[in-house]
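Raw data-v4.cif, mmCIF, C-alpha atoms:
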data_start
loop_
_atom_site.group_PDB
_atom_site.id
_atom_site.type_symbol
_atom_site.label_atom_id
_atom_site.label_comp_id
_atom_site.auth_asym_id
_atom_site.auth_seq_id
_atom_site.Cartn_x
_atom_site.Cartn_y
_atom_site.Cartn_z
ATOM 1 C CA MET T 328 -13.177 -14.731 -20.643
ATOM 2 C CA PRO T 329 -15.161 -11.469 -20.777
ATOM 3 C CA ALA T 330 -13.472 -8.648 -22.701
ATOM 4 C CA LEU T 331 -13.887 -4.932 -22.098
ATOM 5 C CA HIS T 332 -16.405 -3.477 -24.549
ATOM 6 C CA HIS T 333 -17.626 -0.071 -23.364
ATOM 7 C CA VAL T 334 -18.264 2.368 -20.568
ATOM 8 C CA GLY T 335 -21.791 3.734 -20.396
ATOM 9 C CA LEU T 336 -22.147 7.437 -19.607
ATOM 10 C CA ASN T 337 -25.115 9.696 -18.874
ATOM 11 C CA SER T 338 -24.935 13.134 -20.481
ATOM 12 C CA VAL T 339 -27.149 16.170 -20.851
ATOM 13 C CA ASP T 340 -25.589 16.794 -24.285
ATOM 14 C CA PRO T 341 -24.073 13.639 -25.821
ATOM 15 C CA GLU T 342 -23.100 15.362 -29.064
ATOM 16 C CA ARG T 343 -21.113 18.019 -27.221
ATOM 17 C CA ALA T 344 -19.465 15.322 -25.115
ATOM 18 C CA ILE T 345 -18.566 13.259 -28.171
ATOM 19 C CA ASP T 346 -17.035 16.306 -29.872
ATOM 20 C CA TRP T 347 -14.807 16.771 -26.808
ATOM 21 C CA TYR T 348 -13.593 13.145 -26.807
ATOM 22 C CA LEU T 349 -12.904 13.243 -30.555
ATOM 23 C CA ARG T 350 -10.792 16.382 -30.151
ATOM 24 C CA LEU T 351 -8.849 14.747 -27.339
ATOM 25 C CA TRP T 352 -8.450 11.431 -29.189
ATOM 26 C CA PRO T 353 -8.354 12.093 -32.970
ATOM 27 C CA SER T 354 -8.067 8.402 -33.904
ATOM 28 C CA ALA T 355 -11.497 7.721 -32.359
ATOM 29 C CA THR T 356 -14.636 7.844 -34.487
ATOM 30 C CA ARG T 357 -18.301 8.648 -33.985
ATOM 31 C CA THR T 358 -20.683 5.681 -34.139
ATOM 32 C CA GLU T 359 -23.847 4.205 -32.618
ATOM 33 C CA ILE T 360 -24.307 1.258 -30.278
ATOM 34 C CA ASP T 361 -27.854 -0.018 -29.770
ATOM 35 C CA GLY T 362 -29.181 3.209 -31.276
ATOM 36 C CA ARG T 363 -27.247 5.405 -28.850
ATOM 37 C CA PRO T 364 -24.474 7.838 -29.835
ATOM 38 C CA ALA T 365 -21.018 6.497 -29.094
ATOM 39 C CA VAL T 366 -17.285 6.986 -29.494
ATOM 40 C CA ALA T 367 -15.407 4.050 -31.020
ATOM 41 C CA SER T 368 -11.802 3.516 -29.997
ATOM 42 C CA GLU T 369 -9.952 0.732 -28.183
ATOM 43 C CA MET T 370 -13.081 0.707 -26.030
ATOM 44 C CA TYR T 371 -16.436 2.309 -26.775
ATOM 45 C CA LEU T 372 -17.978 5.196 -24.863
ATOM 46 C CA VAL T 373 -21.764 4.870 -25.120
ATOM 47 C CA PHE T 374 -23.943 7.829 -24.168
ATOM 48 C CA THR T 375 -27.488 8.048 -22.832
ATOM 49 C CA GLN T 376 -29.068 11.500 -22.912
ATOM 50 C CA VAL T 377 -30.593 12.706 -19.645
ATOM 51 C CA ASP T 378 -32.546 15.852 -18.861
ATOM 52 C CA ASP T 379 -30.671 16.936 -15.718
ATOM 53 C CA PRO T 380 -26.949 16.910 -14.882
ATOM 54 C CA PRO T 381 -26.174 13.398 -13.634
ATOM 55 C CA ASP T 382 -24.900 12.696 -10.152
ATOM 56 C CA GLY T 383 -21.259 11.733 -9.657
ATOM 57 C CA ALA T 384 -19.606 14.712 -11.360
ATOM 58 C CA PHE T 385 -16.047 15.369 -10.182
ATOM 59 C CA ASP T 386 -15.884 18.411 -7.893
ATOM 60 C CA PRO T 387 -12.442 20.091 -8.103
ATOM 61 C CA SER T 388 -13.033 21.835 -4.770
ATOM 62 C CA LEU T 389 -13.363 18.433 -3.068
ATOM 63 C CA GLY T 390 -10.931 16.485 -5.246
ATOM 64 C CA ARG T 391 -13.711 13.909 -5.745
ATOM 65 C CA PRO T 392 -17.446 13.677 -6.475
ATOM 66 C CA GLU T 393 -19.722 14.609 -3.621
ATOM 67 C CA ARG T 394 -21.242 11.099 -3.830
ATOM 68 C CA GLN T 395 -18.545 8.617 -4.857
ATOM 69 C CA SER T 396 -19.511 5.475 -6.761
ATOM 70 C CA PRO T 397 -17.071 2.615 -7.468
ATOM 71 C CA PHE T 398 -15.970 4.529 -10.603
ATOM 72 C CA TRP T 399 -12.832 6.591 -10.033
ATOM 73 C CA HIS T 400 -12.104 7.597 -13.632
ATOM 74 C CA ILE T 401 -11.821 6.492 -17.217
ATOM 75 C CA GLY T 402 -8.923 7.451 -19.411
ATOM 76 C CA ALA T 403 -6.237 6.729 -21.949
ATOM 77 C CA PHE T 404 -2.698 5.387 -22.057
ATOM 78 C CA LEU T 405 -0.166 7.588 -23.850
ATOM 79 C CA ASP T 406 3.075 9.498 -23.314
ATOM 80 C CA THR T 407 2.037 12.477 -21.199
ATOM 81 C CA THR T 408 5.427 14.230 -21.311
ATOM 82 C CA ASP T 409 4.258 17.087 -23.559
ATOM 83 C CA GLY T 410 0.609 16.835 -22.545
ATOM 84 C CA ASP T 411 0.418 20.461 -21.430
ATOM 85 C CA ARG T 412 1.278 21.637 -24.940
ATOM 86 C CA ARG T 413 -1.063 19.150 -26.609
ATOM 87 C CA LEU T 414 -4.018 19.844 -24.356
ATOM 88 C CA GLY T 415 -3.330 23.570 -24.242
ATOM 89 C CA ALA T 416 -3.727 23.696 -28.019
ATOM 90 C CA LEU T 417 -7.171 22.158 -27.540
ATOM 91 C CA GLY T 418 -8.169 24.662 -24.874
ATOM 92 C CA MET T 419 -8.100 21.964 -22.187
ATOM 93 C CA THR T 420 -6.537 22.441 -18.769
ATOM 94 C CA HIS T 421 -5.022 19.844 -16.462
ATOM 95 C CA LEU T 422 -6.318 19.532 -12.915
ATOM 96 C CA PRO T 423 -3.655 20.321 -10.291
ATOM 97 C CA LEU T 424 -1.903 17.414 -8.598
ATOM 98 C CA TYR T 425 -0.796 18.089 -5.036
ATOM 99 C CA THR T 426 2.764 16.949 -4.361
ATOM 100 C CA GLY T 427 2.527 16.880 -0.563
ATOM 101 C CA PRO T 428 0.791 18.371 2.442
ATOM 102 C CA ASP T 429 2.599 21.670 1.847
ATOM 103 C CA GLY T 430 0.129 22.440 -0.974
ATOM 104 C CA GLY T 431 2.546 22.468 -3.921
ATOM 105 C CA THR T 432 1.137 21.263 -7.236
ATOM 106 C CA VAL T 433 2.245 19.972 -10.636
ATOM 107 C CA TRP T 434 0.196 19.167 -13.736
ATOM 108 C CA ARG T 435 1.632 15.631 -14.245
ATOM 109 C CA SER T 436 3.128 13.236 -11.752
ATOM 110 C CA GLY T 437 6.485 13.077 -13.562
ATOM 111 C CA LEU T 438 7.150 16.623 -12.364
ATOM 112 C CA THR T 439 6.780 15.832 -8.666
ATOM 113 C CA PRO T 440 9.828 17.142 -6.772
ATOM 114 C CA TYR T 441 10.310 13.902 -4.825
ATOM 115 C CA ALA T 442 11.525 10.478 -5.875
ATOM 116 C CA GLY T 443 8.576 8.124 -6.185
ATOM 117 C CA ILE T 444 5.131 8.584 -4.694
ATOM 118 C CA VAL T 445 5.757 9.965 -1.235
ATOM 119 C CA THR T 446 3.705 9.276 1.870
ATOM 120 C CA ALA T 447 2.959 11.410 4.891
ATOM 121 C CA GLU T 448 5.267 9.207 6.975
ATOM 122 C CA GLY T 449 8.128 9.392 4.496
ATOM 123 C CA LEU T 450 7.855 12.932 3.201
ATOM 124 C CA SER T 451 10.608 14.387 5.378
ATOM 125 C CA ALA T 452 13.050 11.698 4.217
ATOM 126 C CA ALA T 453 12.104 11.805 0.527
ATOM 127 C CA GLU T 454 14.927 12.708 -1.811
ATOM 128 C CA PRO T 455 14.543 15.516 -4.357
ATOM 129 C CA ALA T 456 14.071 14.242 -7.894
ATOM 130 C CA ALA T 457 14.590 15.762 -11.316
ATOM 131 C CA PRO T 458 11.576 15.909 -13.623
ATOM 132 C CA ARG T 459 11.085 12.659 -15.508
ATOM 133 C CA PRO T 460 9.131 11.824 -18.648
ATOM 134 C CA GLY T 461 5.503 10.783 -18.494
ATOM 135 C CA GLY T 462 3.400 10.024 -15.465
ATOM 136 C CA PHE T 463 -0.295 10.548 -14.871
ATOM 137 C CA SER T 464 -2.409 13.664 -15.242
ATOM 138 C CA TYR T 465 -6.110 14.496 -15.212
ATOM 139 C CA VAL T 466 -8.538 16.622 -17.165
ATOM 140 C CA LEU T 467 -12.223 17.268 -16.586
ATOM 141 C CA ALA T 468 -14.389 15.924 -19.418
ATOM 142 C CA PRO T 469 -17.979 17.029 -20.161
ATOM 143 C CA ASP T 470 -20.612 16.321 -17.501
ATOM 144 C CA GLY T 471 -17.886 16.222 -14.848
ATOM 145 C CA VAL T 472 -16.198 12.984 -15.944
ATOM 146 C CA LEU T 473 -12.722 12.604 -14.446
ATOM 147 C CA PHE T 474 -10.401 11.553 -17.294
ATOM 148 C CA GLU T 475 -6.859 10.304 -16.671
ATOM 149 C CA LEU T 476 -3.968 10.360 -19.119
ATOM 150 C CA THR T 477 -1.114 8.101 -18.075
ATOM 151 C CA GLY T 478 2.093 6.702 -19.515
ATOM 152 C CA GLY T 479 5.596 7.465 -20.692
ATOM 153 C CA PRO T 480 7.736 7.344 -23.862
ATOM 154 C CA SER T 481 7.299 3.566 -24.286
ATOM 155 C CA THR T 482 3.512 3.526 -23.742
ATOM 156 C CA SER T 483 1.293 2.290 -26.565
ATOM 157 C CA ALA T 484 -1.551 4.758 -27.054
ATOM 158 C CA SER T 485 -4.940 3.302 -26.158
ATOM 159 C CA LEU T 486 -8.266 4.730 -24.989
ATOM 160 C CA SER T 487 -9.163 1.768 -22.785
ATOM 161 C CA HIS T 488 -8.498 2.778 -19.203
ATOM 162 C CA VAL T 489 -10.860 2.153 -16.265
ATOM 163 C CA HIS T 490 -9.947 2.604 -12.596
ATOM 164 C CA LEU T 491 -12.312 1.845 -9.744
ATOM 165 C CA PHE T 492 -12.675 2.187 -5.990
ATOM 166 C CA GLN T 493 -13.746 -0.705 -3.761
ATOM 167 C CA GLU T 494 -14.461 -1.136 -0.061
ATOM 168 C CA GLU T 495 -12.183 -4.207 -0.056
ATOM 169 C CA PRO T 496 -10.098 -4.240 -3.262
ATOM 170 C CA LEU T 497 -8.644 -7.728 -2.774
ATOM 171 C CA CYS T 498 -12.086 -9.234 -2.095
ATOM 172 C CA ALA T 499 -13.445 -7.516 -5.203
ATOM 173 C CA ALA T 500 -10.663 -9.074 -7.274
ATOM 174 C CA ASN T 501 -11.626 -12.510 -5.978
ATOM 175 C CA TRP T 502 -15.256 -11.832 -6.988
ATOM 176 C CA TYR T 503 -14.310 -11.030 -10.581
ATOM 177 C CA VAL T 504 -12.282 -14.235 -10.792
ATOM 178 C CA GLU T 505 -14.857 -16.517 -9.207
ATOM 179 C CA THR T 506 -17.963 -14.913 -10.752
ATOM 180 C CA LEU T 507 -16.917 -13.510 -14.131
ATOM 181 C CA GLY T 508 -14.080 -15.884 -14.977
ATOM 182 C CA MET T 509 -11.317 -13.297 -15.086
ATOM 183 C CA SER T 510 -7.878 -13.936 -13.608
ATOM 184 C CA LEU T 511 -5.515 -12.271 -11.188
ATOM 185 C CA PRO T 512 -2.286 -10.844 -12.631
ATOM 186 C CA PRO T 513 0.337 -13.623 -12.738
ATOM 187 C CA ILE T 514 3.182 -13.875 -10.273
ATOM 188 C CA ARG T 515 6.470 -12.920 -11.930
ATOM 189 C CA ARG T 516 9.423 -14.977 -10.747
ATOM 190 C CA GLU T 517 12.989 -13.686 -10.573
ATOM 191 C CA ASP T 518 13.972 -15.822 -13.588
ATOM 192 C CA GLY T 519 11.371 -14.073 -15.758
ATOM 193 C CA THR T 520 8.823 -16.883 -15.805
ATOM 194 C CA THR T 521 5.289 -16.492 -14.467
ATOM 195 C CA ALA T 522 2.937 -18.533 -12.327
ATOM 196 C CA PRO T 523 -0.816 -18.262 -11.679
ATOM 197 C CA ARG T 524 -1.691 -16.080 -8.703
ATOM 198 C CA PRO T 525 -3.992 -17.737 -6.133
ATOM 199 C CA LEU T 526 -7.035 -15.946 -4.759
ATOM 200 C CA HIS T 527 -6.353 -13.408 -2.047
ATOM 201 C CA ASP T 528 -6.745 -15.164 1.315
ATOM 202 C CA PRO T 529 -7.544 -13.380 3.499
ATOM 203 C CA CYS T 530 -8.896 -10.673 1.240
ATOM 204 C CA GLU T 531 -9.502 -8.054 3.914
ATOM 205 C CA ALA T 532 -6.498 -5.779 4.361
ATOM 206 C CA GLU T 533 -5.531 -2.657 6.267
ATOM 207 C CA ARG T 534 -5.387 0.635 4.437
ATOM 208 C CA GLY T 535 -1.950 1.968 3.587
ATOM 209 C CA PRO T 536 -0.917 5.564 4.280
ATOM 210 C CA ALA T 537 -2.007 8.412 2.028
ATOM 211 C CA GLY T 538 0.446 9.339 -0.718
ATOM 212 C CA TRP T 539 1.131 11.979 -3.345
ATOM 213 C CA PRO T 540 0.862 13.153 -6.130
ATOM 214 C CA SER T 541 -2.859 13.405 -5.506
ATOM 215 C CA LEU T 542 -5.974 15.254 -6.602
ATOM 216 C CA GLU T 543 -6.707 15.780 -2.906
ATOM 217 C CA PRO T 544 -4.518 17.958 -0.658
ATOM 218 C CA PHE T 545 -4.459 15.240 2.020
ATOM 219 C CA GLY T 546 -3.214 12.584 -0.413
ATOM 220 C CA THR T 547 -4.613 9.436 -2.020
ATOM 221 C CA LEU T 548 -5.016 6.003 -0.443
ATOM 222 C CA ARG T 549 -3.399 3.571 -2.903
ATOM 223 C CA GLN T 550 -3.066 0.395 -0.829
ATOM 224 C CA PRO T 551 -4.333 -2.230 -0.878
ATOM 225 C CA ARG T 552 -4.456 -2.122 -4.664
ATOM 226 C CA ALA T 553 -5.867 -4.985 -6.714
ATOM 227 C CA GLY T 554 -6.964 -5.816 -10.222
ATOM 228 C CA VAL T 555 -7.788 -8.487 -12.736
ATOM 229 C CA VAL T 556 -6.868 -9.507 -16.248
ATOM 230 C CA HIS T 557 -9.812 -9.757 -18.641
ATOM 231 C CA GLY T 558 -10.029 -10.902 -22.240
ATOM 232 C CA ASN T 559 -8.310 -7.886 -23.795
ATOM 233 C CA GLY T 560 -6.512 -6.057 -21.030
ATOM 234 C CA SER T 561 -6.678 -5.392 -17.317
ATOM 235 C CA MET T 562 -8.596 -3.304 -14.823
ATOM 236 C CA SER T 563 -7.420 -1.927 -11.479
ATOM 237 C CA TRP T 564 -9.011 -0.601 -8.327
ATOM 238 C CA TYR T 565 -8.041 1.072 -5.098
ATOM 239 C CA PRO T 566 -9.566 1.485 -1.629
ATOM 240 C CA LYS T 567 -12.322 4.079 -1.322
ATOM 241 C CA GLN T 568 -10.991 7.435 -0.158
ATOM 242 C CA CYS T 569 -13.633 8.605 2.339
ATOM 243 C CA THR T 570 -12.590 6.361 5.207
ATOM 244 C CA VAL T 571 -10.381 6.354 8.350
ATOM 245 C CA GLY T 572 -11.411 9.925 9.176
ATOM 246 C CA ARG T 573 -10.878 11.389 5.698
ATOM 247 C CA CYS T 574 -13.538 13.575 3.989
ATOM 248 C CA GLY T 575 -14.960 14.391 7.417
ATOM 249 C CA ALA T 576 -16.856 11.083 7.607
ATOM 250 C CA ASP T 577 -16.769 7.484 6.415
ATOM 251 C CA HIS T 578 -18.966 7.717 3.309
ATOM 252 C CA PRO T 579 -19.985 4.382 1.750
ATOM 253 C CA LEU T 580 -19.687 4.021 -2.012
ATOM 254 C CA VAL T 581 -22.995 4.602 -3.799
ATOM 255 C CA PRO T 582 -24.374 2.625 -6.779
ATOM 256 C CA SER T 583 -23.067 3.781 -10.154
ATOM 257 C CA LYS T 584 -26.422 3.381 -11.932
ATOM 258 C CA GLY T 585 -27.691 6.835 -12.895
ATOM 259 C CA GLN T 586 -24.365 8.574 -12.299
ATOM 260 C CA VAL T 587 -22.354 10.253 -15.052
ATOM 261 C CA LEU T 588 -20.204 7.087 -15.225
ATOM 262 C CA ASP T 589 -23.100 4.643 -15.249
ATOM 263 C CA HIS T 590 -21.699 1.184 -16.006
ATOM 264 C CA VAL T 591 -18.854 -0.821 -17.492
ATOM 265 C CA ALA T 592 -19.647 -3.451 -20.139
ATOM 266 C CA PHE T 593 -17.897 -6.650 -21.132
ATOM 267 C CA ARG T 594 -18.300 -8.648 -24.332
ATOM 268 C CA VAL T 595 -19.174 -12.312 -23.664
ATOM 269 C CA VAL T 596 -20.436 -15.355 -25.527
ATOM 270 C CA ASP T 597 -24.114 -16.222 -24.885
ATOM 271 C CA VAL T 598 -25.674 -13.732 -22.491
ATOM 272 C CA ASP T 599 -28.532 -16.126 -21.693
ATOM 273 C CA ALA T 600 -26.108 -18.789 -20.467
ATOM 274 C CA TRP T 601 -24.372 -16.146 -18.354
ATOM 275 C CA HIS T 602 -27.757 -15.190 -16.907
ATOM 276 C CA SER T 603 -28.317 -18.737 -15.670
ATOM 277 C CA TRP T 604 -24.818 -18.944 -14.203
ATOM 278 C CA LEU T 605 -25.065 -15.600 -12.404
ATOM 279 C CA LEU T 606 -28.452 -16.464 -10.917
ATOM 280 C CA SER T 607 -26.913 -19.660 -9.540
ATOM 281 C CA ARG T 608 -24.237 -17.509 -7.877
ATOM 282 C CA GLY T 609 -26.843 -15.264 -6.235
ATOM 283 C CA VAL T 610 -25.726 -12.192 -8.197
ATOM 284 C CA THR T 611 -28.168 -9.269 -8.262
ATOM 285 C CA VAL T 612 -29.591 -8.884 -11.774
ATOM 286 C CA LEU T 613 -30.527 -5.275 -12.581
ATOM 287 C CA GLU T 614 -31.725 -5.977 -16.151
ATOM 288 C CA THR T 615 -32.659 -9.439 -17.416
ATOM 289 C CA PRO T 616 -31.447 -10.518 -20.884
ATOM 290 C CA HIS T 617 -32.894 -8.372 -23.672
ATOM 291 C CA THR T 618 -32.211 -7.407 -27.278
ATOM 292 C CA PHE T 619 -29.178 -5.126 -27.602
ATOM 293 C CA ASP T 620 -27.542 -3.891 -30.815
ATOM 294 C CA ARG T 621 -27.124 -7.067 -32.904
ATOM 295 C CA GLY T 622 -27.259 -9.422 -29.938
ATOM 296 C CA ARG T 623 -28.293 -9.645 -26.301
ATOM 297 C CA ALA T 624 -27.401 -7.849 -23.073
ATOM 298 C CA MET T 625 -28.049 -7.994 -19.357
ATOM 299 C CA MET T 626 -27.015 -5.857 -16.388
ATOM 300 C CA ILE T 627 -25.820 -7.037 -12.993
ATOM 301 C CA GLU T 628 -24.586 -5.372 -9.845
ATOM 302 C CA GLY T 629 -20.975 -6.012 -8.956
ATOM 303 C CA PRO T 630 -19.123 -5.285 -5.727
ATOM 304 C CA ASP T 631 -20.067 -2.038 -3.976
ATOM 305 C CA GLY T 632 -22.850 -1.169 -6.413
ATOM 306 C CA LEU T 633 -20.943 -1.072 -9.713
ATOM 307 C CA SER T 634 -23.323 -1.717 -12.616
ATOM 308 C CA ILE T 635 -21.800 -4.259 -15.018
ATOM 309 C CA GLU T 636 -23.323 -4.969 -18.404
ATOM 310 C CA LEU T 637 -22.669 -8.182 -20.340
ATOM 311 C CA VAL T 638 -23.231 -8.001 -24.096
ATOM 312 C CA ASP T 639 -22.949 -10.428 -27.008
ATOM 313 C CA GLY T 640 -23.293 -10.071 -30.768
ATOM 314 C CA VAL T 641 -22.013 -6.484 -30.678
ATOM 315 C CA GLN T 642 -19.389 -4.515 -32.558
ATOM 316 C CA GLY T 643 -15.788 -5.346 -31.677
ATOM 317 C CA GLY T 644 -14.301 -2.995 -29.112
ATOM 318 C CA ALA T 645 -11.106 -2.921 -27.123
#

Once more with this new file: its structure as structure tokens, please.
Amino acid sequence: MPALHHVGLNSVDPERAIDWYLRLWPSATRTEIDGRPAVASEMYLVFTQVDDPPDGAFDPSLGRPERQSPFWHIGAFLDTTDGDRRLGALGMTHLPLYTGPDGGTVWRSGLTPYAGIVTAEGLSAAEPAAPRPGGFSYVLAPDGVLFELTGGPSTSASLSHVHLFQEEPLCAANWYVETLGMSLPPIRREDGTTAPRPLHDPCEAERGPAGWPSLEPFGTLRQPRAGVVHGNGSMSWYPKQCTVGRCGADHPLVPSKGQVLDHVAFRVVDVDAWHSWLLSRGVTVLETPHTFDRGRAMMIEGPDGLSIELVDGVQGGA
């Protein structure tokens, strides 16, 4: 099964970007992957230098990039309870999270004044809640990368977090299972045992209501949500946000190639064999197999224009 290896980023100043990530995540180290500067942690961040600011930067005034690719954000798992103190000492500032249509904000979701994630339909009936430990929060990384910090007191710290948007999240999950050999999260029975989860059928689903906390004043669409289990973790995605009259128009997702968050890469065995398999499935190949680091790599296009790199013979990773 493919295992998460790295996220590829475009940057006008990779060294400055790397310095920022190393300040945020002191256990990470500076390295190189295929001759490119990189950050080594539970996953790698691999940087390509570009002359002009890359497309896809998060715009705080919009609560999203102007042109949204399937990438929502990358990030880390950790206890965010005292994140304001930790990040404040580094000169970093959290992005505001709206707690409802009234415009109130908090810096982490655990401080939201309502129990649970409220929706527009249920806001008036939501019960007040005391602040609770942890939750999710966001900071803006160099080049406009949206970076999420999420977790509570029991969370194991790990820089290995990728969240995506999809036009049809459940259909995308099926694609990763059928094409890349990943699996859907297991069904958990009441007695504590698990069972394999079948493919989503049908995989098209209606959008749920917007909810808060959210980076956008009008809330975030979180349903239908889907995801897969890969060789060393899991990856989740949500419905695209500019739909059903939001954002002023129904904007399709744009390809990630060339954006600040350029691609996600998975470690596999035998890239050339994968190339043959993917061609037989009719998958769009963006880069045919070529020498990469100490092995081979290829690039394909996944659902909704996400660039996915497959690599073998490389350094470990997540």

Spatial neighbours of Arg459 of chain T, max dist 9 Å, only C-alpha atoms, sep filter under 6 positions, as a ChimeraX atom specification:
/T:408,436-439

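Of note, atom CA of Gly427 of chain T and atom CA of Trp539 of chain T are spaced 5.8 Å apart.
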
To one decimal place, how far is atom CA of Met509 of chain T from atom CA of His557 of chain T in Å?
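A separation of 5.2 Å between them.
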
How would you write, as a list in words, the residues chosen by the PyMOL selection byres ((chain T and resi 360-369) around 7) on this structure?
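After applying the PyMOL selection byres ((chain T and resi 360-369) around 7), what remains is Ile345, Ala355, Thr356, Arg357, Thr358, Glu359, Met370, Tyr371, Leu372, Val373, Phe374, Thr375, Ser485, Leu486, Ser487, Phe619, Asp620, Gly644 and Ala645 of chain T.
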
Quick one: which segment 335-409 of chain T residues come within 10 Å of segment 463-484 of chain T, and what is the nearest atom pair for each with the distance in Å to one decimal, counting only C-alpha atoms, rows ordered by chain and ascending number, as JSON lines?
{"residue": "T:Leu336", "atom": "CA", "partner": "T:Val472", "partner_atom": "CA", "distance": 8.9}
{"residue": "T:Asn337", "atom": "CA", "partner": "T:Asp470", "partner_atom": "CA", "distance": 8.1}
{"residue": "T:Ser338", "atom": "CA", "partner": "T:Asp470", "partner_atom": "CA", "distance": 6.1}
{"residue": "T:Val339", "atom": "CA", "partner": "T:Asp470", "partner_atom": "CA", "distance": 7.3}
{"residue": "T:Asp340", "atom": "CA", "partner": "T:Asp470", "partner_atom": "CA", "distance": 8.4}
{"residue": "T:Pro341", "atom": "CA", "partner": "T:Pro469", "partner_atom": "CA", "distance": 9.0}
{"residue": "T:Arg343", "atom": "CA", "partner": "T:Pro469", "partner_atom": "CA", "distance": 7.8}
{"residue": "T:Ala344", "atom": "CA", "partner": "T:Pro469", "partner_atom": "CA", "distance": 5.4}
{"residue": "T:Ile345", "atom": "CA", "partner": "T:Pro469", "partner_atom": "CA", "distance": 8.9}
{"residue": "T:Asp346", "atom": "CA", "partner": "T:Pro469", "partner_atom": "CA", "distance": 9.8}
{"residue": "T:Trp347", "atom": "CA", "partner": "T:Pro469", "partner_atom": "CA", "distance": 7.4}
{"residue": "T:Tyr348", "atom": "CA", "partner": "T:Ala468", "partner_atom": "CA", "distance": 7.9}
{"residue": "T:Leu351", "atom": "CA", "partner": "T:Ala468", "partner_atom": "CA", "distance": 9.7}
{"residue": "T:Trp352", "atom": "CA", "partner": "T:Ala484", "partner_atom": "CA", "distance": 9.8}
{"residue": "T:Glu369", "atom": "CA", "partner": "T:Ala484", "partner_atom": "CA", "distance": 9.4}
{"residue": "T:Pro380", "atom": "CA", "partner": "T:Asp470", "partner_atom": "CA", "distance": 6.9}
{"residue": "T:Pro381", "atom": "CA", "partner": "T:Asp470", "partner_atom": "CA", "distance": 7.4}
{"residue": "T:Asp382", "atom": "CA", "partner": "T:Gly471", "partner_atom": "CA", "distance": 9.1}
{"residue": "T:Gly383", "atom": "CA", "partner": "T:Gly471", "partner_atom": "CA", "distance": 7.6}
{"residue": "T:Ala384", "atom": "CA", "partner": "T:Gly471", "partner_atom": "CA", "distance": 4.2}
{"residue": "T:Phe385", "atom": "CA", "partner": "T:Gly471", "partner_atom": "CA", "distance": 5.1}
{"residue": "T:Asp386", "atom": "CA", "partner": "T:Gly471", "partner_atom": "CA", "distance": 7.6}
{"residue": "T:Pro387", "atom": "CA", "partner": "T:Leu467", "partner_atom": "CA", "distance": 8.9}
{"residue": "T:Arg391", "atom": "CA", "partner": "T:Leu473", "partner_atom": "CA", "distance": 8.9}
{"residue": "T:Pro392", "atom": "CA", "partner": "T:Gly471", "partner_atom": "CA", "distance": 8.8}
{"residue": "T:Phe398", "atom": "CA", "partner": "T:Leu473", "partner_atom": "CA", "distance": 9.5}
{"residue": "T:Trp399", "atom": "CA", "partner": "T:Leu473", "partner_atom": "CA", "distance": 7.5}
{"residue": "T:His400", "atom": "CA", "partner": "T:Leu473", "partner_atom": "CA", "distance": 5.1}
{"residue": "T:Ile401", "atom": "CA", "partner": "T:Phe474", "partner_atom": "CA", "distance": 5.3}
{"residue": "T:Gly402", "atom": "CA", "partner": "T:Glu475", "partner_atom": "CA", "distance": 4.5}
{"residue": "T:Ala403", "atom": "CA", "partner": "T:Leu476", "partner_atom": "CA", "distance": 5.1}
{"residue": "T:Phe404", "atom": "CA", "partner": "T:Thr477", "partner_atom": "CA", "distance": 5.1}
{"residue": "T:Leu405", "atom": "CA", "partner": "T:Ala484", "partner_atom": "CA", "distance": 4.5}
{"residue": "T:Asp406", "atom": "CA", "partner": "T:Gly479", "partner_atom": "CA", "distance": 4.2}
{"residue": "T:Thr407", "atom": "CA", "partner": "T:Gly478", "partner_atom": "CA", "distance": 6.0}
{"residue": "T:Thr408", "atom": "CA", "partner": "T:Gly479", "partner_atom": "CA", "distance": 6.8}

Excluding segment 517-525 of chain T and any residue of its chain fewer than 5 positions from it, enumerate the residues within 12 Å of it, using all atoms listed in the file, and give them as an NGL selection string.
:T and (497 or 500-501 or 504-505 or 509-512 or 530 or 554-556)

Using the chain letters and numbering of this document, enumerate as a VMD selection string the residues selected by the PyMOL selection byres ((chain T and resi 543) around 10).
chain T and resid 387 to 391 423 to 428 430 538 to 542 544 to 547 568 574

Starting from the PyMOL selection byres ((chain T and resi 560-564) around 7), expand the selection into actual residues of this file and give them as a compact mmCIF listing (two decimals) with C-alpha atoms, in the coordinates of the input.
# COMPACT_ATOMS: atom_id res chain seq x y z
CA VAL T 489 -10.86 2.15 -16.26
CA HIS T 490 -9.95 2.60 -12.60
CA LEU T 491 -12.31 1.84 -9.74
CA PHE T 492 -12.68 2.19 -5.99
CA GLN T 493 -13.75 -0.70 -3.76
CA PRO T 496 -10.10 -4.24 -3.26
CA ARG T 552 -4.46 -2.12 -4.66
CA ALA T 553 -5.87 -4.99 -6.71
CA GLY T 554 -6.96 -5.82 -10.22
CA VAL T 555 -7.79 -8.49 -12.74
CA VAL T 556 -6.87 -9.51 -16.25
CA HIS T 557 -9.81 -9.76 -18.64
CA GLY T 558 -10.03 -10.90 -22.24
CA ASN T 559 -8.31 -7.89 -23.80
CA TYR T 565 -8.04 1.07 -5.10

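When all atoms listed in the file are used to measure the gap to Ser583 of chain T, the shortest distance among T:Pro529, T:Pro630, T:Pro440, T:Gly418 belongs to T:Pro630.
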
Could you work out an axis-aligned box for segment 586-592 of chain T, taking every atom the file lists and adding 8 Å on each side, and report centre and edge lengths in Å to one decimal, as AutoDock Vina command-line options?
--center_x -21.6 --center_y 3.4 --center_z -16.2 --size_x 21.5 --size_y 29.7 --size_z 23.8

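The closest residue to His332 of chain T, picked from T:Gly632, T:His488, T:Val571, T:Ala576 and counting all atoms listed in the file, is T:His488.
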